[in-house]
Amino acid sequence: MAQRISLTRYLVEQQREEGHIPSQLRLLLEVVARACKSISQAVNKGALGGVLGSADSENVQGEVQKKLDIIANEVLIEANEWGGHLAAMASEEMDSIYLVPNRYPQGEYLLLFDPLDGSSNIDVNVSIGTIFSVLKKPEGSPGVTEQDFLQAGAKQVAAGYCVYGPQTTLVLTVGDGVSMFTLDREQGSFVLTQENVRIPADTKEFAINMSNMRHWDEPVKRYIDECLQGKEGPRGKDFNMRWIASMVADVHRILTRGGVFMYPWDKREPNKPGKLRLMYEANPMSWLVEQAGGAATNGRQRILDIEPGQLHERVSVILGSKNEVDRVTSYHTGV
Ligand code: AHM
Ligand code: MG
């Protein structure tokens, strides 16, 4: 039987042999994985654990928080604040940044997360997940401010997600390709199940919330309309559609078999650049997708090049199989 490689061993080898990650970053990733394990347990218990349903609160984006949104946020904070590897954290569920309390040592990393992505799927037993992004605190600044977090996605030093589905799978990049780890519940550890994940450049599958069609911009309408015409249309092939409404699950499918995912700007809220958040949704997913040979843009620009102006900034997202993303982008830019 092939030897099983645990996440711990994989990270140690990345540190020792490949020199990709310093020990503090390795520790950080171990802790994030431990937190994901514990979130996975809570998700698994569902109604038996009393974790379903809404809490009586809203987050900074004005969205009603689910109990599991809050639980997952607390699990991530409690797991990470005392280890000495972090300077501060930021989350979809917290208005401003969370500084590591003074009683703990301060590290040099910044951790951003969407603790529970796909909130509308929690109560209906459909895949959800945790998305995370790691940045380095800029050198020379004594304390930590929100400004320190406002770095382009290209500066990430690690990114990943954990999808809680039929299996719990952790997907990770430290800038050396994408690896997947499946949670072995009996052993309590993540086991390497796929290395060198590659997204095919071409696809026949798209993911978009079609109910927003009437609000889309012309380039998006054109692209989807051409897909819908199938073999008889300009694309000369039939397309299939999937929309899970959990970005983690949609991106996981794309990393597994290709496809294009879009949550574009639309006319419902003309002043917002999109629905998804740049720093803890679009940036980590875009880096994973690029590391697997795909592409990610906002229609006009590579997502990883966007200089953020705000922690909770939103962005239009088109990501996945390279040739399709290039096509949608060219429909926007005209080149
Ligand atoms: P959330 O972070 O509040 O769960 O929102 C993000 C989710 C994404 O996972 C998903 O792609 C999208 O929202 C679904 O939106 P919609 O319900 O408009 O289709
Ligand atoms: Mg989310």
# chains A, B, ... in the order shown; residues from 1 in each chain; ligands from 1
>>> residues_around(residues="stretch 252-269 of chain A", least_positions_apart="6", cutoff="9 Å", atoms="only C-alpha atoms", output="VMD selection string")
chain A and resid 163 171 197 to 209 212 to 217 220 243 275 to 276 288 to 289 292 294 298 to 299 315 to 322 324 to 325
>>> residues_around(residues="stretch 186-192 of chain A", least_positions_apart="2", cutoff="8 Å", atoms="only C-alpha atoms", output="PyMOL selection string")
chain A and resi 4-7+10+169-170+179-184+194-195
>>> write_last_selection(atoms="C-alpha atoms", output="mmCIF file, in the first residue's frame")
data_model
loop_
_atom_site.group_PDB
_atom_site.id
_atom_site.type_symbol
_atom_site.label_atom_id
_atom_site.label_comp_id
_atom_site.auth_asym_id
_atom_site.auth_seq_id
_atom_site.Cartn_x
_atom_site.Cartn_y
_atom_site.Cartn_z
ATOM 1 C CA ARG A 4 0.110 7.787 3.687
ATOM 2 C CA ILE A 5 1.438 11.305 4.000
ATOM 3 C CA SER A 6 -0.206 13.386 6.685
ATOM 4 C CA LEU A 7 -0.595 17.158 6.415
ATOM 5 C CA TYR A 10 3.806 17.295 4.136
ATOM 6 C CA THR A 169 -11.096 18.137 2.223
ATOM 7 C CA LEU A 170 -8.422 20.745 2.886
ATOM 8 C CA SER A 179 -2.392 19.914 -2.822
ATOM 9 C CA MET A 180 -5.509 18.281 -1.394
ATOM 10 C CA PHE A 181 -5.830 16.505 1.964
ATOM 11 C CA THR A 182 -8.803 14.382 2.986
ATOM 12 C CA LEU A 183 -9.776 14.181 6.650
ATOM 13 C CA ASP A 184 -9.458 10.664 8.025
ATOM 14 C CA GLN A 194 -3.824 14.741 -4.451
ATOM 15 C CA GLU A 195 -0.760 16.718 -5.424
#
>>> residues_near_ligand(ligand="ligand 1", cutoff="7 Å", atoms="only C-alpha atoms and all ligand atoms", output="list in words")
Asp114, Leu116, Asp117, Gly118, Ser119, Ser120, Asn209, Ala245, Ser246, Met247, Val248, Tyr263 and Leu276 of chain A
>>> select_by_dssp(residues="stretch 224-335 of chain A", states="helix (DSSP H, G or I)", output="ChimeraX atom specification")
/A:224-228,230-232,247-257,278-291,303-305,322-333
>>> write_last_selection(atoms="N, CA and C atoms", output="CSV table (one decimal), in the first residue's frame")
chain,number,residue,atom,x,y,z
A,224,ILE,N,-22.6,33.9,-21.7
A,224,ILE,CA,-23.6,32.8,-21.3
A,224,ILE,C,-24.5,32.5,-22.4
A,225,ASP,N,-24.9,33.5,-23.2
A,225,ASP,CA,-25.8,33.3,-24.3
A,225,ASP,C,-25.2,32.4,-25.3
A,226,GLU,N,-23.9,32.6,-25.6
A,226,GLU,CA,-23.2,31.7,-26.5
A,226,GLU,C,-23.0,30.3,-26.0
A,227,CYS,N,-22.8,30.1,-24.7
A,227,CYS,CA,-22.8,28.8,-24.1
A,227,CYS,C,-24.1,28.1,-24.3
A,228,LEU,N,-25.2,28.8,-24.0
A,228,LEU,CA,-26.5,28.3,-24.1
A,228,LEU,C,-27.0,27.8,-25.5
A,230,GLY,N,-25.2,26.2,-27.4
A,230,GLY,CA,-24.7,24.8,-27.6
A,230,GLY,C,-24.0,24.6,-29.0
A,231,LYS,N,-24.2,23.3,-29.4
A,231,LYS,CA,-23.5,22.9,-30.7
A,231,LYS,C,-23.8,23.8,-31.8
A,232,GLU,N,-25.1,24.3,-31.8
A,232,GLU,CA,-25.6,25.1,-33.0
A,232,GLU,C,-25.0,26.5,-33.0
A,247,MET,N,-19.2,29.0,-2.7
A,247,MET,CA,-18.0,29.2,-3.6
A,247,MET,C,-17.0,28.1,-3.4
A,248,VAL,N,-16.8,27.6,-2.1
A,248,VAL,CA,-15.9,26.5,-1.9
A,248,VAL,C,-16.2,25.3,-2.7
A,249,ALA,N,-17.5,24.9,-2.7
A,249,ALA,CA,-17.9,23.7,-3.4
A,249,ALA,C,-17.7,23.9,-4.9
A,250,ASP,N,-18.1,25.1,-5.4
A,250,ASP,CA,-18.0,25.3,-6.8
A,250,ASP,C,-16.5,25.4,-7.3
A,251,VAL,N,-15.7,26.0,-6.5
A,251,VAL,CA,-14.3,26.0,-6.8
A,251,VAL,C,-13.6,24.7,-6.7
A,252,HIS,N,-14.1,23.9,-5.7
A,252,HIS,CA,-13.6,22.5,-5.5
A,252,HIS,C,-13.9,21.7,-6.8
A,253,ARG,N,-15.1,21.8,-7.3
A,253,ARG,CA,-15.4,21.1,-8.5
A,253,ARG,C,-14.5,21.6,-9.7
A,254,ILE,N,-14.2,22.9,-9.8
A,254,ILE,CA,-13.4,23.4,-10.9
A,254,ILE,C,-12.0,22.9,-10.7
A,255,LEU,N,-11.4,22.8,-9.5
A,255,LEU,CA,-10.1,22.3,-9.3
A,255,LEU,C,-10.1,20.8,-9.6
A,256,THR,N,-11.2,20.1,-9.5
A,256,THR,CA,-11.2,18.7,-9.7
A,256,THR,C,-11.4,18.3,-11.2
A,257,ARG,N,-12.3,19.1,-11.9
A,257,ARG,CA,-12.6,18.7,-13.3
A,257,ARG,C,-12.7,19.8,-14.3
A,278,LEU,N,-13.1,40.5,-1.7
A,278,LEU,CA,-11.8,40.4,-2.3
A,278,LEU,C,-10.8,39.6,-1.4
A,279,MET,N,-10.7,40.1,-0.2
A,279,MET,CA,-9.5,39.7,0.6
A,279,MET,C,-9.6,38.3,1.2
A,280,TYR,N,-10.8,37.8,1.5
A,280,TYR,CA,-10.8,36.4,2.1
A,280,TYR,C,-11.7,35.5,1.3
A,281,GLU,N,-12.2,35.9,0.1
A,281,GLU,CA,-12.9,34.9,-0.7
A,281,GLU,C,-12.1,34.9,-2.1
A,282,ALA,N,-12.1,36.0,-2.8
A,282,ALA,CA,-11.6,36.1,-4.2
A,282,ALA,C,-10.1,35.9,-4.2
A,283,ASN,N,-9.3,36.5,-3.3
A,283,ASN,CA,-7.9,36.4,-3.4
A,283,ASN,C,-7.4,35.0,-3.1
A,284,PRO,N,-7.8,34.3,-2.0
A,284,PRO,CA,-7.3,33.0,-1.8
A,284,PRO,C,-7.7,32.0,-2.9
A,285,MET,N,-9.0,32.1,-3.4
A,285,MET,CA,-9.4,31.2,-4.5
A,285,MET,C,-8.7,31.5,-5.8
A,286,SER,N,-8.4,32.8,-6.1
A,286,SER,CA,-7.7,33.1,-7.3
A,286,SER,C,-6.3,32.6,-7.3
A,287,TRP,N,-5.7,32.6,-6.2
A,287,TRP,CA,-4.3,32.1,-6.1
A,287,TRP,C,-4.3,30.6,-6.3
A,288,LEU,N,-5.2,29.9,-5.6
A,288,LEU,CA,-5.3,28.5,-5.8
A,288,LEU,C,-5.5,28.1,-7.3
A,289,VAL,N,-6.5,28.8,-7.9
A,289,VAL,CA,-6.8,28.5,-9.3
A,289,VAL,C,-5.6,28.8,-10.2
A,290,GLU,N,-4.9,29.9,-10.0
A,290,GLU,CA,-3.7,30.2,-10.8
A,290,GLU,C,-2.6,29.1,-10.6
A,291,GLN,N,-2.5,28.7,-9.3
A,291,GLN,CA,-1.5,27.7,-9.0
A,291,GLN,C,-1.8,26.4,-9.7
A,303,ILE,N,-7.3,39.4,-10.7
A,303,ILE,CA,-7.7,39.7,-9.3
A,303,ILE,C,-6.5,39.8,-8.4
A,304,LEU,N,-5.5,39.0,-8.5
A,304,LEU,CA,-4.4,39.1,-7.6
A,304,LEU,C,-3.6,40.4,-7.7
A,305,ASP,N,-3.8,41.2,-8.7
A,305,ASP,CA,-3.1,42.5,-8.9
A,305,ASP,C,-3.9,43.7,-8.3
A,322,LYS,N,-8.6,28.3,-18.0
A,322,LYS,CA,-7.9,29.5,-18.5
A,322,LYS,C,-8.5,30.1,-19.8
A,323,ASN,N,-8.8,29.2,-20.8
A,323,ASN,CA,-9.3,29.7,-22.0
A,323,ASN,C,-10.7,30.4,-21.9
A,324,GLU,N,-11.5,29.8,-21.0
A,324,GLU,CA,-12.8,30.4,-20.8
A,324,GLU,C,-12.7,31.8,-20.1
A,325,VAL,N,-11.9,31.8,-19.1
A,325,VAL,CA,-11.7,33.1,-18.3
A,325,VAL,C,-11.1,34.1,-19.3
A,326,ASP,N,-10.2,33.8,-20.1
A,326,ASP,CA,-9.6,34.7,-21.1
A,326,ASP,C,-10.7,35.2,-22.0
A,327,ARG,N,-11.6,34.3,-22.4
A,327,ARG,CA,-12.6,34.7,-23.4
A,327,ARG,C,-13.6,35.7,-22.7
A,328,VAL,N,-14.1,35.4,-21.5
A,328,VAL,CA,-15.0,36.3,-20.8
A,328,VAL,C,-14.3,37.7,-20.6
A,329,THR,N,-13.0,37.6,-20.2
A,329,THR,CA,-12.3,38.9,-20.0
A,329,THR,C,-12.1,39.7,-21.3
A,330,SER,N,-11.9,39.0,-22.4
A,330,SER,CA,-11.7,39.7,-23.6
A,330,SER,C,-13.1,40.3,-24.1
A,331,TYR,N,-14.2,39.7,-23.7
A,331,TYR,CA,-15.5,40.3,-24.0
A,331,TYR,C,-15.7,41.6,-23.2
A,332,HIS,N,-15.0,41.7,-22.1
A,332,HIS,CA,-15.1,42.9,-21.3
A,332,HIS,C,-14.2,44.0,-21.8
A,333,THR,N,-12.9,43.6,-22.1
A,333,THR,CA,-11.9,44.6,-22.5
A,333,THR,C,-11.9,44.9,-24.0
>>> select_by_dssp(residues="stretch 99-297 of chain A", states="strand (DSSP E)", output="PyMOL selection string")
chain A and resi 99+109-117+128-136+158-164+168-173+178-184+189-194+205-207+240-241+260-263+276-277+295-297
>>> closest_residue(among="A:Arg242, A:Lys155, A:Lys45, A:Lys221", to="A:Ile306", atoms="only C-alpha atoms")
A:Lys155
>>> atom_distance(atom1="atom CA of A:Asp69", atom2="atom CA of A:Val31")
18.7 Å
>>> residues_around(residues="A:Met89", least_positions_apart="4", cutoff="7 Å", atoms="only C-alpha atoms", output="list in words")
Ile97, Tyr98, Leu99, Leu110, Leu111 and Leu112 of chain A
>>> residues_around(residues="A:Ala87", least_positions_apart="4", cutoff="8 Å", atoms="only C-alpha atoms", output="short mmCIF file (atom, residue, chain, number, x, y, z; two decimals) with N, CA and C atoms, in the first residue's frame")
data_model
loop_
_atom_site.label_atom_id
_atom_site.label_comp_id
_atom_site.auth_asym_id
_atom_site.auth_seq_id
_atom_site.Cartn_x
_atom_site.Cartn_y
_atom_site.Cartn_z
N LEU A 99 -6.80 41.97 16.98
CA LEU A 99 -5.39 41.94 17.37
C LEU A 99 -5.15 40.78 18.33
N VAL A 100 -4.02 40.13 18.20
CA VAL A 100 -3.67 39.08 19.15
C VAL A 100 -3.51 39.74 20.53
N GLN A 106 3.51 37.88 19.90
CA GLN A 106 3.05 38.35 18.58
C GLN A 106 3.93 37.74 17.49
N GLY A 107 3.33 37.25 16.45
CA GLY A 107 4.09 36.73 15.32
C GLY A 107 4.09 37.72 14.17
N GLU A 108 4.54 37.26 13.00
CA GLU A 108 4.69 38.19 11.86
C GLU A 108 3.65 37.99 10.78
N TYR A 109 2.69 37.10 11.02
CA TYR A 109 1.71 36.83 9.96
C TYR A 109 0.34 37.44 10.25
N LEU A 110 -0.40 37.65 9.16
CA LEU A 110 -1.79 38.13 9.23
C LEU A 110 -2.66 37.05 8.61
N LYS A 137 2.94 40.51 7.77
CA LYS A 137 2.81 41.88 8.27
C LYS A 137 3.94 42.71 7.65
N VAL A 144 -0.21 46.82 14.73
CA VAL A 144 -0.88 46.33 13.51
C VAL A 144 -2.11 47.18 13.28
#
>>> closest_residue(among="A:His312, A:Arg34, A:Lys237, A:Lys272", to="ligand 2", atoms="only C-alpha atoms and all ligand atoms")
A:His312
>>> decode(residues="stretch 204-238 of chain A", atoms="C-alpha atoms", output="CSV table (one decimal), in the first residue's frame")
chain,number,residue,atom,x,y,z
A,204,LYS,CA,-17.9,22.6,-21.2
A,205,GLU,CA,-19.2,23.6,-17.7
A,206,PHE,CA,-20.1,27.0,-16.3
A,207,ALA,CA,-21.3,28.1,-12.9
A,208,ILE,CA,-23.3,31.3,-12.4
A,209,ASN,CA,-26.5,32.2,-10.6
A,210,MET,CA,-28.8,32.4,-13.7
A,211,SER,CA,-31.6,34.1,-11.8
A,212,ASN,CA,-29.6,37.3,-12.0
A,213,MET,CA,-29.4,37.1,-15.8
A,214,ARG,CA,-31.6,40.2,-16.4
A,215,HIS,CA,-29.2,42.3,-14.2
A,216,TRP,CA,-25.9,41.2,-15.9
A,217,ASP,CA,-23.6,43.4,-17.9
A,218,GLU,CA,-23.5,42.9,-21.7
A,219,PRO,CA,-20.2,40.9,-21.8
A,220,VAL,CA,-21.5,38.3,-19.3
A,221,LYS,CA,-24.8,38.1,-21.1
A,222,ARG,CA,-22.9,37.5,-24.4
A,223,TYR,CA,-20.7,34.8,-22.9
A,224,ILE,CA,-23.6,32.8,-21.3
A,225,ASP,CA,-25.8,33.3,-24.3
A,226,GLU,CA,-23.2,31.7,-26.5
A,227,CYS,CA,-22.8,28.8,-24.1
A,228,LEU,CA,-26.5,28.3,-24.1
A,229,GLN,CA,-26.7,28.0,-27.9
A,230,GLY,CA,-24.7,24.8,-27.6
A,231,LYS,CA,-23.5,22.9,-30.7
A,232,GLU,CA,-25.6,25.1,-33.0
A,233,GLY,CA,-24.0,28.4,-31.7
A,234,PRO,CA,-20.6,30.0,-32.1
A,235,ARG,CA,-19.0,27.8,-29.5
A,236,GLY,CA,-19.9,24.6,-31.4
A,237,LYS,CA,-20.3,22.5,-28.3
A,238,ASP,CA,-23.0,21.9,-25.7
